[in-house]
file work37.cif (mmCIF, C-alpha atoms)
data_model
loop_
_atom_site.label_atom_id
_atom_site.label_comp_id
_atom_site.auth_asym_id
_atom_site.auth_seq_id
_atom_site.Cartn_x
_atom_site.Cartn_y
_atom_site.Cartn_z
CA MET A 4 13.04 31.36 30.63
CA LYS A 5 11.24 33.94 32.75
CA PHE A 6 9.42 37.00 31.47
CA ARG A 7 6.43 39.19 32.25
CA ALA A 8 2.92 38.63 30.94
CA ALA A 9 -0.64 39.70 31.66
CA VAL A 10 -2.46 36.80 33.32
CA LEU A 11 -6.25 36.52 33.55
CA ARG A 12 -6.96 34.31 36.56
CA SER A 13 -10.75 34.41 36.65
CA HIS A 14 -13.67 35.85 34.72
CA GLU A 15 -14.24 38.56 37.34
CA THR A 16 -10.72 39.70 38.28
CA PRO A 17 -8.52 42.22 36.45
CA PHE A 18 -5.46 41.16 34.50
CA ALA A 19 -2.34 40.76 36.64
CA VAL A 20 1.02 41.56 35.03
CA GLU A 21 3.40 39.10 36.62
CA GLU A 22 6.47 36.99 36.00
CA ILE A 23 5.80 33.68 34.26
CA VAL A 24 8.00 30.76 33.25
CA LEU A 25 8.34 29.11 29.84
CA SER A 26 9.68 25.61 30.47
CA THR A 27 10.86 24.77 26.96
CA GLY A 28 12.22 26.41 23.86
CA PRO A 29 10.76 26.11 20.36
CA ALA A 30 10.29 22.61 18.98
CA ALA A 31 10.40 21.76 15.28
CA GLY A 32 8.15 24.12 13.38
CA GLU A 33 8.00 26.67 16.21
CA ILE A 34 9.53 30.08 16.83
CA LEU A 35 10.06 32.22 19.92
CA VAL A 36 9.05 35.83 19.29
CA GLU A 37 9.96 38.87 21.36
CA ILE A 38 6.71 40.83 21.30
CA ALA A 39 6.89 44.44 20.11
CA GLY A 40 3.16 45.09 20.40
CA CYS A 41 -0.13 43.23 20.73
CA GLY A 42 -3.58 44.47 19.82
CA MET A 43 -6.46 43.95 22.22
CA CYS A 44 -9.37 42.28 20.43
CA ARG A 45 -12.98 41.88 21.54
CA THR A 46 -12.41 38.12 21.40
CA ASP A 47 -9.83 38.46 24.19
CA LEU A 48 -12.33 40.34 26.34
CA ALA A 49 -15.14 37.89 25.51
CA VAL A 50 -13.27 35.25 27.53
CA ARG A 51 -14.81 36.89 30.60
CA HIS A 52 -18.20 35.72 29.33
CA SER A 53 -17.16 32.36 27.91
CA ALA A 54 -18.67 30.25 30.71
CA GLY A 55 -15.51 28.21 31.16
CA ARG A 56 -14.88 27.50 27.48
CA THR A 57 -11.35 28.91 27.74
CA PRO A 58 -9.44 27.42 30.68
CA LEU A 59 -8.22 29.94 33.23
CA PRO A 60 -5.79 31.14 34.38
CA ALA A 61 -4.42 32.01 30.96
CA VAL A 62 -2.24 34.41 29.05
CA LEU A 63 -4.47 35.87 26.33
CA GLY A 64 -3.57 38.08 23.38
CA HIS A 65 -3.70 37.09 19.72
CA GLU A 66 -2.75 40.15 17.66
CA GLY A 67 0.96 40.02 18.35
CA SER A 68 3.91 41.28 16.34
CA GLY A 69 7.59 41.01 17.13
CA VAL A 70 11.05 39.72 16.31
CA VAL A 71 12.05 36.05 16.06
CA VAL A 72 14.72 35.35 18.70
CA ALA A 73 14.82 31.52 18.55
CA SER A 74 13.69 28.85 16.11
CA GLY A 75 13.17 25.11 16.37
CA ASP A 76 14.61 22.69 13.87
CA GLY A 77 12.61 22.70 10.66
CA PRO A 78 14.21 22.69 7.24
CA ASP A 79 11.01 23.84 5.52
CA SER A 80 10.55 26.95 7.65
CA THR A 81 10.62 30.29 5.82
CA ILE A 82 10.94 32.23 9.10
CA GLY A 83 14.40 32.78 10.56
CA LEU A 84 16.19 34.49 13.44
CA GLY A 85 15.85 38.23 13.41
CA ASP A 86 12.81 38.25 11.13
CA HIS A 87 10.06 40.74 11.92
CA VAL A 88 6.72 38.96 12.00
CA VAL A 89 2.99 39.52 12.43
CA LEU A 90 1.26 36.66 14.25
CA SER A 91 -2.16 35.36 13.25
CA PHE A 92 -4.51 32.50 14.15
CA ASP A 93 -3.45 28.85 14.48
CA SER A 94 -4.38 26.01 12.14
CA CYS A 95 -3.28 22.42 11.70
CA GLY A 96 -2.15 22.67 8.08
CA ASP A 97 -3.23 19.10 7.34
CA CYS A 98 -7.03 18.92 7.28
CA ARG A 99 -9.04 19.28 4.08
CA ASN A 100 -9.88 22.93 4.67
CA CYS A 101 -6.28 23.88 5.47
CA ARG A 102 -5.11 22.11 2.33
CA SER A 103 -7.80 24.00 0.39
CA ALA A 104 -6.45 27.42 1.48
CA ALA A 105 -9.19 27.88 4.07
CA PRO A 106 -7.24 27.74 7.37
CA ALA A 107 -9.88 29.80 9.21
CA TYR A 108 -12.15 26.76 8.90
CA CYS A 109 -9.55 24.28 10.10
CA ASP A 110 -11.09 21.14 11.61
CA SER A 111 -9.12 21.89 14.80
CA PHE A 112 -9.77 25.65 14.92
CA ALA A 113 -11.60 25.60 18.27
CA SER A 114 -9.06 23.43 20.07
CA LEU A 115 -6.05 25.29 18.66
CA ASN A 116 -7.38 28.82 19.14
CA LEU A 117 -10.29 29.13 21.56
CA LEU A 118 -9.47 26.52 24.19
CA GLY A 119 -6.11 27.91 25.27
CA GLY A 120 -3.79 25.51 23.46
CA ARG A 121 -3.07 21.91 22.71
CA GLU A 122 -3.36 19.52 25.63
CA GLU A 123 0.22 18.34 25.16
CA ASP A 124 1.41 21.94 25.70
CA ALA A 125 -0.33 22.32 29.07
CA SER A 126 2.86 22.19 31.18
CA ARG A 127 4.83 24.63 29.02
CA LEU A 128 3.74 27.84 30.71
CA THR A 129 3.48 28.35 34.47
CA ASP A 130 3.34 31.19 36.91
CA ALA A 131 6.22 31.96 39.26
CA VAL A 132 5.15 29.30 41.77
CA GLY A 133 4.56 26.54 39.22
CA GLY A 134 0.82 26.92 38.63
CA ALA A 135 -0.18 25.93 35.10
CA LEU A 136 -1.35 28.59 32.65
CA ALA A 137 -3.27 27.92 29.44
CA PRO A 138 -0.35 28.42 27.07
CA ARG A 139 -1.52 28.85 23.50
CA TRP A 140 -4.45 31.26 23.11
CA PHE A 141 -4.83 31.47 19.31
CA GLY A 142 -1.43 29.82 19.11
CA GLN A 143 0.13 32.94 20.66
CA SER A 144 -0.73 34.10 24.19
CA SER A 145 0.95 37.36 23.22
CA PHE A 146 -0.09 39.69 26.08
CA ALA A 147 3.49 39.09 27.11
CA GLU A 148 7.10 39.96 26.48
CA TYR A 149 7.59 36.72 24.53
CA ALA A 150 5.38 34.24 22.70
CA LEU A 151 6.14 30.68 21.56
CA VAL A 152 4.18 30.09 18.36
CA PRO A 153 3.96 27.77 15.37
CA ALA A 154 5.96 29.20 12.49
CA ARG A 155 2.92 28.75 10.25
CA ASN A 156 1.15 31.41 12.38
CA ALA A 157 3.78 34.01 11.48
CA VAL A 158 3.96 36.32 8.47
CA ARG A 159 7.30 37.96 7.78
CA VAL A 160 7.18 41.74 7.19
CA ASP A 161 9.65 44.44 6.19
CA ALA A 162 11.94 45.34 9.09
CA ALA A 163 11.63 49.04 8.19
CA LEU A 164 7.94 49.09 9.17
CA PRO A 165 6.71 50.21 12.65
CA LEU A 166 6.45 46.66 13.97
CA GLU A 167 4.67 47.52 17.22
CA LEU A 168 1.62 48.77 15.27
CA LEU A 169 1.19 45.81 12.93
CA GLY A 170 -0.28 43.19 15.29
CA PRO A 171 -3.96 44.07 14.65
CA LEU A 172 -3.44 43.01 11.03
CA GLY A 173 -3.36 39.43 12.32
CA CYS A 174 -6.99 39.26 13.47
CA GLY A 175 -9.43 42.16 13.83
CA THR A 176 -8.24 44.18 10.87
CA LEU A 177 -7.80 41.03 8.80
CA THR A 178 -11.37 39.95 9.66
CA GLY A 179 -13.08 43.15 8.52
CA ALA A 180 -10.96 43.72 5.44
CA GLY A 181 -11.01 40.05 4.51
CA ALA A 182 -14.80 39.93 4.59
CA VAL A 183 -14.87 42.62 1.89
CA LEU A 184 -11.89 41.48 -0.19
CA ASN A 185 -12.12 37.68 0.18
CA THR A 186 -15.67 36.70 1.15
CA PHE A 187 -17.64 39.26 -0.82
CA ARG A 188 -14.93 40.03 -3.40
CA ALA A 189 -16.57 43.43 -3.60
CA GLY A 190 -15.32 45.91 -6.14
CA PRO A 191 -16.22 49.03 -8.12
CA GLY A 192 -19.95 49.37 -8.59
CA ASP A 193 -20.82 47.17 -5.60
CA THR A 194 -22.60 48.44 -2.50
CA LEU A 195 -22.05 47.48 1.13
CA VAL A 196 -23.59 48.24 4.51
CA VAL A 197 -21.44 47.76 7.62
CA LEU A 198 -23.20 47.39 10.96
CA GLY A 199 -20.94 48.53 13.79
CA ALA A 200 -18.06 50.96 13.29
CA GLY A 201 -15.60 49.38 15.70
CA ALA A 202 -12.20 48.00 14.72
CA VAL A 203 -13.58 45.22 12.50
CA GLY A 204 -16.28 47.36 10.92
CA LEU A 205 -13.95 50.26 10.18
CA ALA A 206 -11.41 47.87 8.63
CA ALA A 207 -14.21 46.74 6.34
CA VAL A 208 -15.04 50.36 5.49
CA MET A 209 -11.40 51.11 4.65
CA ALA A 210 -11.08 48.01 2.48
CA ALA A 211 -14.33 48.83 0.70
CA THR A 212 -13.24 52.40 0.00
CA ALA A 213 -9.90 51.14 -1.29
CA GLY A 214 -11.80 48.85 -3.66
CA GLY A 215 -14.21 51.49 -4.98
CA VAL A 216 -17.24 50.10 -3.11
CA ARG A 217 -20.05 52.47 -2.08
CA THR A 218 -20.49 51.92 1.66
CA VAL A 219 -22.95 52.86 4.40
CA ALA A 220 -21.79 52.53 8.02
CA VAL A 221 -24.28 52.15 10.87
CA ASP A 222 -23.39 52.76 14.52
CA ARG A 223 -24.82 54.33 17.67
CA HIS A 224 -21.69 56.34 18.55
CA PRO A 225 -21.39 59.69 16.68
CA GLU A 226 -17.60 59.77 17.00
CA ARG A 227 -17.32 56.35 15.33
CA LEU A 228 -19.62 57.48 12.54
CA ASP A 229 -17.31 60.47 12.09
CA LEU A 230 -14.42 58.06 11.59
CA ALA A 231 -16.42 55.94 9.15
CA GLU A 232 -17.23 59.08 7.15
CA ARG A 233 -13.55 60.08 7.15
CA PHE A 234 -12.73 56.65 5.73
CA GLY A 235 -15.25 57.00 2.92
CA ALA A 236 -18.60 55.65 4.18
CA VAL A 237 -21.98 57.33 4.39
CA PRO A 238 -22.67 57.54 8.18
CA LEU A 239 -26.08 56.47 9.47
CA PRO A 240 -27.10 56.40 13.15
CA ALA A 241 -28.38 53.01 14.31
CA ALA A 242 -31.50 54.61 15.81
CA THR A 243 -32.57 56.08 12.47
CA ALA A 244 -36.27 55.51 11.79
CA GLY A 245 -36.82 53.36 8.73
CA LEU A 246 -33.19 52.25 8.76
CA ALA A 247 -33.55 49.63 6.02
CA GLU A 248 -35.27 52.10 3.71
CA ARG A 249 -32.56 54.72 4.31
CA ILE A 250 -29.86 52.17 3.50
CA ARG A 251 -31.62 51.22 0.28
CA ARG A 252 -31.82 54.87 -0.68
CA TYR A 253 -28.08 55.38 -0.21
CA THR A 254 -27.24 52.17 -2.09
CA ASP A 255 -29.33 52.66 -5.22
CA GLY A 256 -32.16 50.35 -4.26
CA GLY A 257 -30.37 47.98 -1.91
CA ALA A 258 -26.92 46.84 -0.87
CA GLN A 259 -25.35 43.83 -2.53
CA TYR A 260 -23.46 42.99 0.66
CA ALA A 261 -23.88 43.59 4.39
CA LEU A 262 -21.45 42.89 7.22
CA ASP A 263 -22.68 42.67 10.81
CA THR A 264 -20.20 43.13 13.66
CA THR A 265 -22.81 43.77 16.38
CA ALA A 266 -24.76 40.51 16.88
CA SER A 267 -27.86 42.73 17.25
CA ALA A 268 -30.93 40.87 15.97
CA PRO A 269 -32.86 44.07 15.07
CA LEU A 270 -29.90 45.40 13.07
CA ILE A 271 -29.38 42.04 11.37
CA ASN A 272 -33.02 42.01 10.27
CA ASP A 273 -32.71 45.62 9.06
CA ALA A 274 -29.62 44.67 7.08
CA LEU A 275 -31.39 41.75 5.43
CA ARG A 276 -34.33 43.98 4.47
CA ALA A 277 -31.84 46.48 3.03
CA LEU A 278 -30.23 43.92 0.70
CA ARG A 279 -31.14 43.76 -2.94
CA PRO A 280 -32.28 40.36 -4.29
CA THR A 281 -29.44 37.78 -4.16
CA GLY A 282 -27.61 39.97 -1.65
CA THR A 283 -25.43 38.44 1.07
CA LEU A 284 -25.15 39.22 4.78
CA GLY A 285 -22.00 38.13 6.59
CA LEU A 286 -21.87 37.71 10.37
CA VAL A 287 -18.57 38.03 12.26
CA ALA A 288 -19.78 38.64 15.82
CA ARG A 289 -20.65 35.64 18.00
CA LEU A 290 -24.39 35.39 18.65
CA ARG A 291 -25.22 34.84 22.32
CA THR A 292 -28.91 34.05 21.82
CA ALA A 293 -31.03 32.47 19.11
CA LEU A 294 -31.35 34.71 16.07
CA GLN A 295 -34.96 35.35 15.13
CA LEU A 296 -35.29 36.31 11.47
CA GLU A 297 -38.38 38.25 10.52
CA PRO A 298 -40.68 36.89 7.78
CA GLY A 299 -39.57 37.74 4.28
CA THR A 300 -36.01 38.77 5.12
CA LEU A 301 -34.53 35.94 3.03
CA ASP A 302 -36.91 36.37 0.10
CA GLY A 303 -35.42 37.15 -3.28
CA GLY A 304 -32.47 34.80 -2.91
CA ARG A 305 -30.90 36.73 -0.05
CA SER A 306 -28.42 34.69 2.01
CA ILE A 307 -26.74 34.84 5.39
CA ARG A 308 -23.47 33.22 6.45
CA HIS A 309 -20.84 33.31 9.16
CA ILE A 310 -17.37 34.63 8.30
CA CYS A 311 -14.33 33.54 10.32
CA GLU A 312 -11.08 35.51 10.18
CA GLY A 313 -12.10 37.20 6.95
CA ASP A 314 -11.76 33.92 5.01
CA ALA A 315 -8.08 34.84 4.99
CA VAL A 316 -4.84 33.10 4.27
CA PRO A 317 -2.80 35.44 6.49
CA GLU A 318 0.43 35.22 4.52
CA LEU A 319 -1.48 36.49 1.48
CA LEU A 320 -3.83 39.06 2.99
CA ILE A 321 -1.49 40.71 5.53
CA PRO A 322 1.06 41.80 2.88
CA ARG A 323 -1.82 43.03 0.72
CA LEU A 324 -3.15 45.20 3.55
CA ILE A 325 0.33 46.53 4.31
CA GLY A 326 0.69 47.48 0.66
CA LEU A 327 -2.62 49.35 0.72
CA TRP A 328 -1.57 51.09 3.95
CA GLN A 329 1.77 52.16 2.46
CA ALA A 330 -0.13 53.56 -0.52
CA GLY A 331 -2.30 55.67 1.84
CA ARG A 332 -5.44 53.66 1.07
CA PHE A 333 -5.86 51.65 4.29
CA PRO A 334 -5.10 53.88 7.32
CA PHE A 335 -5.66 51.28 10.04
CA ASP A 336 -3.02 52.94 12.21
CA GLN A 337 -5.46 55.82 12.80
CA LEU A 338 -7.57 53.47 14.94
CA ILE A 339 -4.72 52.62 17.34
CA ARG A 340 -3.88 53.95 20.78
CA THR A 341 -0.86 52.41 22.49
CA TYR A 342 -0.60 51.47 26.17
CA PRO A 343 2.23 49.94 28.21
CA LEU A 344 1.49 46.27 28.93
CA ALA A 345 1.38 47.24 32.60
CA ASP A 346 -1.70 49.37 31.81
CA ILE A 347 -3.70 46.51 30.28
CA ASN A 348 -6.64 47.03 32.64
CA GLU A 349 -6.90 50.69 31.66
CA ALA A 350 -6.84 49.61 28.01
CA GLU A 351 -9.66 47.14 28.67
CA ARG A 352 -11.75 49.80 30.42
CA ASP A 353 -11.22 52.26 27.58
CA CYS A 354 -12.12 49.60 25.03
CA ASP A 355 -15.30 48.63 26.89
CA ALA A 356 -16.32 52.27 27.25
CA GLY A 357 -15.74 53.01 23.57
CA ARG A 358 -12.98 55.56 24.29
CA VAL A 359 -10.57 53.74 22.00
CA ILE A 360 -11.10 51.67 18.85
CA LYS A 361 -7.99 49.49 18.93
CA PRO A 362 -5.72 49.38 22.00
CA VAL A 363 -2.22 48.07 21.34
CA LEU A 364 -0.17 46.92 24.33
CA LEU A 365 3.58 47.53 24.34
CA PRO A 366 5.75 45.33 26.58
CA GLU A 367 8.42 47.24 28.46
CA ARG A 368 11.85 46.94 26.85
CA ARG A 369 14.27 45.60 29.45
CA ASP A 370 17.89 44.46 29.44
CA ARG A 371 17.90 40.70 29.56
#
call {"tool": "encode", "arguments": {"input": "work37.cif", "output": "structure tokens"}}
result
Amino acid sequence: MKFRAAVLRSHETPFAVEEIVLSTGPAAGEILVEIAGCGMCRTDLAVRHSAGRTPLPAVLGHEGSGVVVASGDGPDSTIGLGDHVVLSFDSCGDCRNCRSAAPAYCDSFASLNLLGGREEDASRLTDAVGGALAPRWFGQSSFAEYALVPARNAVRVDAALPLELLGPLGCGTLTGAGAVLNTFRAGPGDTLVVLGAGAVGLAAVMAATAGGVRTVAVDRHPERLDLAERFGAVPLPAATAGLAERIRRYTDGGAQYALDTTASAPLINDALRALRPTGTLGLVARLRTALQLEPGTLDGGRSIRHICEGDAVPELLIPRLIGLWQAGRFPFDQLIRTYPLADINEAERDCDAGRVIKPVLLPERRDR
């Protein structure tokens, strides 16, 4: 079948929305999804700086949502034709971590998600003249009108919900909220500092507020601090003198948890100094250089760890977040600005410039 998608051909060039060809339908355990909307995540944009790790040209996009229009044979599948689904990250389902309800730490996570797809799928997706495209970014490649995905990537949702807005629940929103709800298991009486009030950080703030956690949000953009304050956090500019001491003051002597979304070494060290003894710092942003920890920052039993995809099992966390949203306690939709898929380069520019928190791309509806 032929349909339109946004293709990234090189690290330096803009996305090109063009006709592409899918050479095969869904195999066993797979579904074909007509995309209603797809969030743009910083991980998509980081491909420009990946030094060849993700093969190009490729169709990116990994916060898709849509309607199942075809399904491969698979008697165990719980996803059927016409189902509305949110798509999340890929995992093998068979390794020890997958079997232990930790799919974000799947043994094959890098090959299934970050490298553009399984090698055996390489010929599935081509451009209009037959040139191969990396076909399975995060198991989706959903900057497109359609996506062929493993059924295990999909979470069925109520058809009455605004499907085009739900895609960010599959990655960025899931990552921030999951860090609070799954990794930290923070609740009433706990304290949290969030470094960076972008999409992931603000999702963490919203989840923390929903759980009764006292939260401080740190960012360099006043308008993002305004949002964090609206969602229940104490706002604190990143350039504040004595940042760690100010955080400790607002958190009754030190935060129990800290979440860094910035990969800024100075902020990470400030966050560690702001933790109370036995406190935990979680990192979600990819570090591009060696992290130099200052002396004493891990004293008192403080710890630091990486968090992938909010330690989430998507089919458990996504419905939980939708329930909080429906109850008015998790207003992630207030972060979203929609763009036609054809305007993907404008969405990228706005995202890079900080003019929008979470762009969501909407494929044009066409008669087919």
call {"tool": "residues_around", "arguments": {"input": "work37.cif", "residues": "region 272-284 of chain A", "least_positions_apart": "6", "cutoff": "8 Å", "atoms": "all atoms listed in the file", "output": "list in words"}}
result
Val196, Leu198, Leu246, Ala247, Glu248, Ile250, Arg251, Gly256, Gly257, Ala258, Gln259, Tyr260, Ala261, Leu262, Asp263, Leu296, Glu297, Thr300, Leu301, Asp302, Gly303, Gly304, Arg305, Ser306, Ile307 and Arg308 of chain A
call {"tool": "atom_distance", "arguments": {"input": "work37.cif", "atom1": "CA of Phe146 (chain A)", "atom2": "CA of Gly67 (chain A)"}}
result
7.8 Å
call {"tool": "atom_distance", "arguments": {"input": "work37.cif", "atom1": "CA of Leu166 (chain A)", "atom2": "CA of Cys311 (chain A)"}}
result
24.8 Å
call {"tool": "resolve_selection", "arguments": {"input": "work37.cif", "expression": "the PyMOL selection byres ((chain A and resi 28) around 9)", "output": "PyMOL selection string"}}
result
chain A and resi 4+25-27+29-30+33-35+73-75+151
call {"tool": "atom_distance", "arguments": {"input": "work37.cif", "atom1": "CA of Arg188 (chain A)", "atom2": "CA of Met43 (chain A)"}}
result
27.3 Å
call {"tool": "residues_around", "arguments": {"input": "work37.cif", "residues": "region 199-203 of chain A", "least_positions_apart": "4", "cutoff": "6 Å", "atoms": "only C-alpha atoms", "output": "list in words"}}
result
Gly175, Thr176, Gly179, Val221, Asp222, Arg227, Thr264, Thr265 and Ile360 of chain A
call {"tool": "resolve_selection", "arguments": {"input": "work37.cif", "expression": "the PyMOL selection byres ((chain A and resi 208) around 8)", "output": "VMD selection string"}}
result
chain A and resid 180 197 204 to 207 209 to 212 218 220 231 234 to 236
call {"tool": "resolve_selection", "arguments": {"input": "work37.cif", "expression": "the PyMOL selection byres ((chain A and resi 168) around 10)", "output": "list in words"}}
result
Ala39, Gly40, Cys41, Gly42, Glu66, Gly67, Ser68, Gly69, Val89, Leu164, Pro165, Leu166, Glu167, Leu169, Gly170, Pro171, Leu172, Phe335, Asp336, Ile339, Arg340, Thr341, Pro362, Val363, Leu364 and Leu365 of chain A
call {"tool": "closest_residue", "arguments": {"input": "work37.cif", "among": "A:Ile38, A:Val160, A:Asn348, A:Ser13", "to": "Gly326 (chain A)", "atoms": "only C-alpha atoms"}}
result
A:Val160
call {"tool": "closest_residue", "arguments": {"input": "work37.cif", "among": "A:Thr16, A:Asn156, A:Ser145, A:Thr129", "to": "Cys95 (chain A)", "atoms": "all atoms listed in the file"}}
result
A:Asn156
call {"tool": "closest_residue", "arguments": {"input": "work37.cif", "among": "A:Val152, A:Val50, A:Leu286, A:Trp140", "to": "Val71 (chain A)", "atoms": "only C-alpha atoms"}}
result
A:Val152
call {"tool": "closest_residue", "arguments": {"input": "work37.cif", "among": "A:Leu117, A:Ala242, A:Cys101, A:Val216", "to": "Ala137 (chain A)", "atoms": "only C-alpha atoms"}}
result
A:Leu117
call {"tool": "residues_near_point", "arguments": {"input": "work37.cif", "point": "(-24.2, 53.6, -4.0)", "cutoff": "8 Å", "atoms": "all atoms listed in the file", "output": "list of chain:residue names"}}
result
A:Gly192, A:Asp193, A:Thr194, A:Val216, A:Arg217, A:Thr218, A:Tyr253, A:Thr254, A:Asp255, A:Ala258
call {"tool": "closest_residue", "arguments": {"input": "work37.cif", "among": "A:His87, A:Arg7, A:Arg155, A:His65", "to": "Gln143 (chain A)", "atoms": "only C-alpha atoms"}}
result
A:His65
call {"tool": "build_atoms", "arguments": {"input": "work37.cif", "residues": "region 12-35 of chain A", "atoms": "N, CA and C atoms", "output": "tab-separated table (two decimals), keeping the file's coordinate frame"}}
result
chain	number	residue	atom	x	y	z
A	12	ARG	N	-6.80	35.45	35.66
A	12	ARG	CA	-6.96	34.31	36.56
A	12	ARG	C	-8.41	33.88	36.74
A	13	SER	N	-9.34	34.78	36.54
A	13	SER	CA	-10.75	34.41	36.65
A	13	SER	C	-11.55	35.36	35.78
A	14	HIS	N	-12.83	35.02	35.57
A	14	HIS	CA	-13.67	35.85	34.72
A	14	HIS	C	-13.95	37.21	35.34
A	15	GLU	N	-13.84	37.33	36.66
A	15	GLU	CA	-14.24	38.56	37.34
A	15	GLU	C	-13.06	39.46	37.70
A	16	THR	N	-11.85	38.92	37.78
A	16	THR	CA	-10.72	39.70	38.28
A	16	THR	C	-10.01	40.43	37.15
A	17	PRO	N	-9.30	41.53	37.49
A	17	PRO	CA	-8.52	42.22	36.45
A	17	PRO	C	-7.32	41.39	36.02
A	18	PHE	N	-6.72	41.77	34.91
A	18	PHE	CA	-5.46	41.16	34.50
A	18	PHE	C	-4.39	41.48	35.54
A	19	ALA	N	-3.48	40.55	35.75
A	19	ALA	CA	-2.34	40.76	36.64
A	19	ALA	C	-1.06	40.60	35.82
A	20	VAL	N	-0.25	41.65	35.75
A	20	VAL	CA	1.02	41.56	35.03
A	20	VAL	C	2.05	41.00	36.01
A	21	GLU	N	2.54	39.81	35.70
A	21	GLU	CA	3.40	39.10	36.62
A	21	GLU	C	4.46	38.30	35.87
A	22	GLU	N	5.43	37.82	36.60
A	22	GLU	CA	6.47	36.99	36.00
A	22	GLU	C	5.96	35.58	35.78
A	23	ILE	N	6.19	35.05	34.58
A	23	ILE	CA	5.80	33.68	34.26
A	23	ILE	C	7.03	32.93	33.75
A	24	VAL	N	6.87	31.62	33.61
A	24	VAL	CA	8.00	30.76	33.25
A	24	VAL	C	7.62	29.93	32.03
A	25	LEU	N	8.47	29.97	31.01
A	25	LEU	CA	8.34	29.11	29.84
A	25	LEU	C	9.34	27.97	30.01
A	26	SER	N	8.84	26.74	30.07
A	26	SER	CA	9.68	25.61	30.47
A	26	SER	C	10.48	25.01	29.33
A	27	THR	N	10.18	25.39	28.09
A	27	THR	CA	10.86	24.77	26.96
A	27	THR	C	11.02	25.77	25.84
A	28	GLY	N	12.03	25.57	25.03
A	28	GLY	CA	12.22	26.41	23.86
A	28	GLY	C	11.40	25.90	22.69
A	29	PRO	N	11.55	26.52	21.52
A	29	PRO	CA	10.76	26.11	20.36
A	29	PRO	C	11.14	24.72	19.86
A	30	ALA	N	10.11	23.92	19.61
A	30	ALA	CA	10.29	22.61	18.98
A	30	ALA	C	10.31	22.79	17.47
A	31	ALA	N	10.41	21.69	16.74
A	31	ALA	CA	10.40	21.76	15.28
A	31	ALA	C	9.13	22.45	14.81
A	32	GLY	N	9.29	23.40	13.91
A	32	GLY	CA	8.15	24.12	13.38
A	32	GLY	C	7.66	25.25	14.25
A	33	GLU	N	8.40	25.60	15.30
A	33	GLU	CA	8.00	26.67	16.21
A	33	GLU	C	9.05	27.76	16.24
A	34	ILE	N	8.62	28.95	16.66
A	34	ILE	CA	9.53	30.08	16.83
A	34	ILE	C	9.21	30.77	18.16
A	35	LEU	N	10.23	31.38	18.74
A	35	LEU	CA	10.06	32.22	19.92
A	35	LEU	C	10.16	33.67	19.45
